[in-house]
file my_file-v9.pdb (PDB, C-alpha atoms and all ligand atoms)
ATOM      1  CA  MET D   6     122.809  -5.520 -40.921  1.00  0.00           C
ATOM      2  CA  SER D   7     121.431  -2.269 -42.408  1.00  0.00           C
ATOM      3  CA  LYS D   8     117.976  -0.965 -41.562  1.00  0.00           C
ATOM      4  CA  TYR D   9     116.805  -1.810 -45.076  1.00  0.00           C
ATOM      5  CA  GLU D  10     118.090  -5.362 -44.838  1.00  0.00           C
ATOM      6  CA  LEU D  11     116.452  -5.735 -41.458  1.00  0.00           C
ATOM      7  CA  GLU D  12     113.094  -4.479 -42.767  1.00  0.00           C
ATOM      8  CA  LYS D  13     113.357  -6.818 -45.747  1.00  0.00           C
ATOM      9  CA  LYS D  14     114.155  -9.683 -43.411  1.00  0.00           C
ATOM     10  CA  TYR D  15     111.149  -8.914 -41.232  1.00  0.00           C
ATOM     11  CA  LYS D  16     108.859  -8.834 -44.275  1.00  0.00           C
ATOM     12  CA  ASP D  17     109.833 -12.410 -45.020  1.00  0.00           C
ATOM     13  CA  ILE D  18     108.793 -13.802 -41.700  1.00  0.00           C
ATOM     14  CA  SER D  19     105.243 -14.724 -40.820  1.00  0.00           C
ATOM     15  CA  ILE D  20     102.964 -13.447 -38.043  1.00  0.00           C
ATOM     16  CA  CYS D  21     103.456 -16.826 -36.430  1.00  0.00           C
ATOM     17  CA  GLU D  22     107.192 -16.208 -36.268  1.00  0.00           C
ATOM     18  CA  TYR D  23     106.613 -12.775 -34.703  1.00  0.00           C
ATOM     19  CA  ASN D  24     104.387 -14.400 -32.092  1.00  0.00           C
ATOM     20  CA  ASN D  25     107.009 -17.045 -31.383  1.00  0.00           C
ATOM     21  CA  ARG D  26     109.665 -14.393 -30.883  1.00  0.00           C
ATOM     22  CA  ILE D  27     107.416 -12.360 -28.582  1.00  0.00           C
ATOM     23  CA  THR D  28     106.527 -15.453 -26.551  1.00  0.00           C
ATOM     24  CA  ARG D  29     110.206 -16.374 -26.228  1.00  0.00           C
ATOM     25  CA  LEU D  30     111.123 -12.879 -25.060  1.00  0.00           C
ATOM     26  CA  ARG D  31     108.228 -12.783 -22.581  1.00  0.00           C
ATOM     27  CA  LYS D  32     109.351 -16.084 -21.083  1.00  0.00           C
ATOM     28  CA  GLU D  33     112.905 -14.765 -20.794  1.00  0.00           C
ATOM     29  CA  LYS D  34     111.586 -11.590 -19.116  1.00  0.00           C
ATOM     30  CA  MET D  35     109.471 -13.624 -16.681  1.00  0.00           C
ATOM     31  CA  LYS D  36     112.490 -15.759 -15.753  1.00  0.00           C
ATOM     32  CA  LEU D  37     114.618 -12.678 -15.104  1.00  0.00           C
ATOM     33  CA  MET D  38     111.846 -11.063 -13.031  1.00  0.00           C
ATOM     34  CA  GLN D  39     111.631 -14.191 -10.878  1.00  0.00           C
ATOM     35  CA  GLU D  40     115.418 -14.183 -10.425  1.00  0.00           C
ATOM     36  CA  THR D  41     115.320 -10.487  -9.513  1.00  0.00           C
ATOM     37  CA  GLN D  42     112.627 -11.203  -6.930  1.00  0.00           C
ATOM     38  CA  MET D  43     114.715 -14.037  -5.431  1.00  0.00           C
ATOM     39  CA  ILE D  44     117.765 -11.773  -5.160  1.00  0.00           C
ATOM     40  CA  GLN D  45     115.641  -9.029  -3.555  1.00  0.00           C
ATOM     41  CA  MET D  46     114.438 -11.512  -0.941  1.00  0.00           C
ATOM     42  CA  LYS D  47     118.056 -12.509  -0.217  1.00  0.00           C
ATOM     43  CA  ILE D  48     119.037  -8.837   0.196  1.00  0.00           C
ATOM     44  CA  GLU D  49     116.182  -8.273   2.654  1.00  0.00           C
ATOM     45  CA  LYS D  50     117.156 -11.384   4.625  1.00  0.00           C
ATOM     46  CA  VAL D  51     120.812 -10.293   4.928  1.00  0.00           C
ATOM     47  CA  GLN D  52     119.668  -6.800   5.946  1.00  0.00           C
ATOM     48  CA  ARG D  53     117.511  -8.299   8.710  1.00  0.00           C
ATOM     49  CA  TYR D  54     120.510 -10.340   9.918  1.00  0.00           C
ATOM     50  CA  LYS D  55     122.685  -7.213   9.907  1.00  0.00           C
ATOM     51  CA  VAL D  56     120.181  -5.309  12.061  1.00  0.00           C
ATOM     52  CA  GLU D  57     119.924  -8.283  14.427  1.00  0.00           C
ATOM     53  CA  PHE D  58     123.736  -8.534  14.636  1.00  0.00           C
ATOM     54  CA  CYS D  59     123.995  -4.834  15.454  1.00  0.00           C
ATOM     55  CA  GLU D  60     121.353  -5.175  18.153  1.00  0.00           C
ATOM     56  CA  LYS D  61     122.409  -8.448  19.778  1.00  0.00           C
ATOM     57  CA  VAL D  62     126.157  -8.812  19.161  1.00  0.00           C
ATOM     58  CA  LEU D  63     127.326  -5.214  19.050  1.00  0.00           C
ATOM     59  CA  GLY D  64     125.129  -4.289  21.996  1.00  0.00           C
ATOM     60  CA  GLY D  65     122.463  -2.103  20.431  1.00  0.00           C
ATOM     61  CA  HIS D  66     121.896   0.517  17.772  1.00  0.00           C
ATOM     62  CA  THR D  67     123.610   3.883  17.779  1.00  0.00           C
ATOM     63  CA  LEU D  68     120.728   6.099  16.751  1.00  0.00           C
ATOM     64  CA  ARG D  69     121.148   9.609  15.460  1.00  0.00           C
ATOM     65  CA  GLU D  70     118.400  11.980  14.400  1.00  0.00           C
ATOM     66  CA  GLU D  71     118.044  12.869  10.744  1.00  0.00           C
ATOM     67  CA  VAL D  72     115.777  15.346   9.012  1.00  0.00           C
ATOM     68  CA  GLU D  73     114.005  14.201   5.861  1.00  0.00           C
ATOM     69  CA  SER D  74     114.744  16.364   2.848  1.00  0.00           C
ATOM     70  CA  GLY D  75     111.729  18.021   1.256  1.00  0.00           C
ATOM     71  CA  ILE D  76     109.158  20.589   2.290  1.00  0.00           C
ATOM     72  CA  TYR D  77     107.855  18.825   5.382  1.00  0.00           C
ATOM     73  CA  GLY D  78     111.261  17.843   6.786  1.00  0.00           C
ATOM     74  CA  GLU D  79     110.043  15.136   9.141  1.00  0.00           C
ATOM     75  CA  THR D  80     112.582  13.712  11.569  1.00  0.00           C
ATOM     76  CA  PHE D  81     113.550  10.069  11.856  1.00  0.00           C
ATOM     77  CA  LYS D  82     116.329   8.099  13.521  1.00  0.00           C
ATOM     78  CA  VAL D  83     119.094   6.144  11.800  1.00  0.00           C
ATOM     79  CA  CYS D  84     121.549   3.697  13.319  1.00  0.00           C
ATOM     80  CA  SER D  85     125.011   4.880  12.267  1.00  0.00           C
ATOM     81  CA  THR D  86     126.345   1.304  12.474  1.00  0.00           C
ATOM     82  CA  CYS D  87     123.779  -0.753  10.564  1.00  0.00           C
ATOM     83  CA  GLY D  88     121.680   1.902   8.801  1.00  0.00           C
ATOM     84  CA  LEU D  89     118.380   0.884  10.426  1.00  0.00           C
ATOM     85  CA  GLU D  90     115.770   3.633  10.138  1.00  0.00           C
ATOM     86  CA  VAL D  91     113.193   4.042  12.899  1.00  0.00           C
TER      87      VAL D  91
HETATM   88 ZN    ZN A   1     122.215  -0.761  14.299  1.00  0.00          ZN
END
call {"tool": "encode", "arguments": {"input": "my_file-v9.pdb", "output": "structure tokens"}}
result
Amino acid sequence: MSKYELEKKYKDISICEYNNRITRLRKEKMKLMQETQMIQMKIEKVQRYKVEFCEKVLGGHTLREEVESGIYGETFKVCSTCGLEV
């Protein structure tokens, strides 16, 4: 569909139709945001299990010191097995 055809098409629809489309899209967005949040929670849960596995089954973290990039360069420790940062 050309830009002209699209503009012509949009002129034919009412404000009510615009509102319906916006409402539909907002609902779709909300649904996807909720799904994204659920997946994020699952990721965090699996990460917690991984850290616990490293600690309890593998016999503890193997921490190495890292220096933060940037002007301040603060140091922190990372487990080279599970990636835990302390
Ligand atoms: Zn670890």
call {"tool": "residues_around", "arguments": {"input": "my_file-v9.pdb", "residues": "Cys59 of chain D", "least_positions_apart": "2", "cutoff": "12 Å", "atoms": "only C-alpha atoms", "output": "list in words"}}
result
Gln52, Arg53, Tyr54, Lys55, Val56, Glu57, Lys61, Val62, Leu63, Gly64, Gly65, His66, Thr67, Leu68, Cys84, Ser85, Thr86, Cys87, Gly88 and Leu89 of chain D
call {"tool": "atom_distance", "arguments": {"input": "my_file-v9.pdb", "atom1": "atom CA of Glu12 of chain D", "atom2": "atom CA of Asn24 of chain D"}}
result
17.0 Å
call {"tool": "atom_distance", "arguments": {"input": "my_file-v9.pdb", "atom1": "atom CA of Val91 of chain D", "atom2": "atom CA of Gln42 of chain D"}}
result
25.0 Å
call {"tool": "residues_around", "arguments": {"input": "my_file-v9.pdb", "residues": "Glu70 of chain D", "least_positions_apart": "5", "cutoff": "7 Å", "atoms": "only C-alpha atoms", "output": "PyMOL selection string"}}
result
chain D and resi 80-83
call {"tool": "closest_residue", "arguments": {"input": "my_file-v9.pdb", "among": "D:Glu49, D:Glu90, D:Glu33, D:Glu79", "to": "ligand ZN 1 (chain A)", "atoms": "all atoms listed in the file"}}
result
D:Glu90
call {"tool": "closest_residue", "arguments": {"input": "my_file-v9.pdb", "among": "D:Leu11, D:Arg69, D:Asn25, D:Ser74", "to": "ligand ZN 1 (chain A)", "atoms": "only C-alpha atoms and all ligand atoms"}}
result
D:Arg69
call {"tool": "closest_residue", "arguments": {"input": "my_file-v9.pdb", "among": "D:Ile20, D:Arg29, D:Phe58, D:Ser7", "to": "ligand ZN 1 (chain A)", "atoms": "only C-alpha atoms and all ligand atoms"}}
result
D:Phe58
call {"tool": "atom_distance", "arguments": {"input": "my_file-v9.pdb", "atom1": "atom CA of Met46 of chain D", "atom2": "atom CA of Glu73 of chain D"}}
result
26.6 Å
call {"tool": "closest_residue", "arguments": {"input": "my_file-v9.pdb", "among": "D:Ile44, D:Lys16, D:Glu22, D:Glu60", "to": "ligand ZN 1 (chain A)", "atoms": "only C-alpha atoms and all ligand atoms"}}
result
D:Glu60
call {"tool": "decode", "arguments": {"input": "my_file-v9.pdb", "residues": "chain D", "atoms": "C-alpha atoms", "output": "short mmCIF file (atom, residue, chain, number, x, y, z; two decimals), in the first residue's frame"}}
result
data_model
loop_
_atom_site.label_atom_id
_atom_site.label_comp_id
_atom_site.auth_asym_id
_atom_site.auth_seq_id
_atom_site.Cartn_x
_atom_site.Cartn_y
_atom_site.Cartn_z
CA MET D 6 0.00 0.00 0.00
CA SER D 7 1.45 3.41 -0.99
CA LYS D 8 1.73 6.27 1.47
CA TYR D 9 -1.04 8.12 -0.36
CA GLU D 10 -3.36 5.13 -0.22
CA LEU D 11 -2.59 4.70 3.45
CA GLU D 12 -3.34 8.37 4.20
CA LYS D 13 -6.58 8.13 2.22
CA LYS D 14 -7.50 5.00 4.14
CA TYR D 15 -6.85 6.70 7.47
CA LYS D 16 -9.03 9.66 6.48
CA ASP D 17 -11.95 7.30 6.06
CA ILE D 18 -11.83 5.90 9.53
CA SER D 19 -13.36 7.60 12.54
CA ILE D 20 -11.76 8.79 15.79
CA CYS D 21 -13.55 5.91 17.43
CA GLU D 22 -11.71 3.48 15.19
CA TYR D 23 -8.38 5.14 16.03
CA ASN D 24 -9.19 4.76 19.72
CA ASN D 25 -10.10 1.12 19.24
CA ARG D 26 -6.81 0.45 17.48
CA ILE D 27 -4.83 2.24 20.19
CA THR D 28 -6.65 0.33 22.93
CA ARG D 29 -5.99 -2.97 21.16
CA LEU D 30 -2.30 -2.19 20.79
CA ARG D 31 -2.01 -1.08 24.42
CA LYS D 32 -3.58 -4.33 25.59
CA GLU D 33 -1.16 -6.30 23.40
CA LYS D 34 1.76 -4.29 24.83
CA MET D 35 0.57 -4.89 28.41
CA LYS D 36 0.31 -8.64 27.75
CA LEU D 37 3.84 -8.75 26.33
CA MET D 38 5.20 -6.72 29.27
CA GLN D 39 3.63 -9.18 31.70
CA GLU D 40 5.14 -12.11 29.78
CA THR D 41 8.54 -10.38 29.78
CA GLN D 42 8.28 -9.90 33.54
CA MET D 43 7.42 -13.59 34.02
CA ILE D 44 10.42 -14.67 31.93
CA GLN D 45 12.69 -12.29 33.88
CA MET D 46 11.53 -13.87 37.14
CA LYS D 47 12.30 -17.34 35.73
CA ILE D 48 15.80 -16.20 34.70
CA GLU D 49 16.47 -14.84 38.20
CA LYS D 50 15.23 -18.08 39.77
CA VAL D 51 17.50 -20.25 37.59
CA GLN D 52 20.42 -17.92 38.34
CA ARG D 53 19.81 -18.34 42.08
CA TYR D 54 19.75 -22.13 41.63
CA LYS D 55 23.02 -21.98 39.67
CA VAL D 56 24.74 -20.01 42.44
CA GLU D 57 23.39 -22.45 45.04
CA PHE D 58 24.58 -25.43 42.96
CA CYS D 59 28.05 -23.92 42.67
CA GLU D 60 28.17 -23.32 46.41
CA LYS D 61 26.67 -26.56 47.71
CA VAL D 62 27.35 -29.22 45.06
CA LEU D 63 30.60 -28.04 43.53
CA GLY D 64 32.02 -27.16 46.93
CA GLY D 65 32.13 -23.38 46.87
CA HIS D 66 32.78 -20.42 44.62
CA THR D 67 36.09 -19.81 42.90
CA LEU D 68 36.40 -16.07 43.38
CA ARG D 69 38.76 -13.91 41.41
CA GLU D 70 39.24 -10.17 41.75
CA GLU D 71 38.08 -7.90 38.96
CA VAL D 72 38.48 -4.18 38.47
CA GLU D 73 35.44 -2.22 37.34
CA SER D 74 35.99 -0.31 34.12
CA GLY D 75 35.54 3.45 34.36
CA ILE D 76 37.24 6.30 36.18
CA TYR D 77 36.86 4.98 39.71
CA GLY D 78 37.90 1.39 38.95
CA GLU D 79 36.43 -0.20 42.06
CA THR D 80 37.30 -3.83 42.70
CA PHE D 81 34.82 -6.66 43.09
CA LYS D 82 34.98 -10.45 43.12
CA VAL D 83 33.51 -12.81 40.53
CA CYS D 84 33.09 -16.56 40.73
CA SER D 85 34.72 -17.98 37.60
CA THR D 86 32.38 -21.00 37.69
CA CYS D 87 28.93 -19.48 38.18
CA GLY D 88 29.51 -15.77 37.54
CA LEU D 89 28.35 -14.62 40.98
CA GLU D 90 29.55 -11.09 41.76
CA VAL D 91 30.33 -10.15 45.36
#
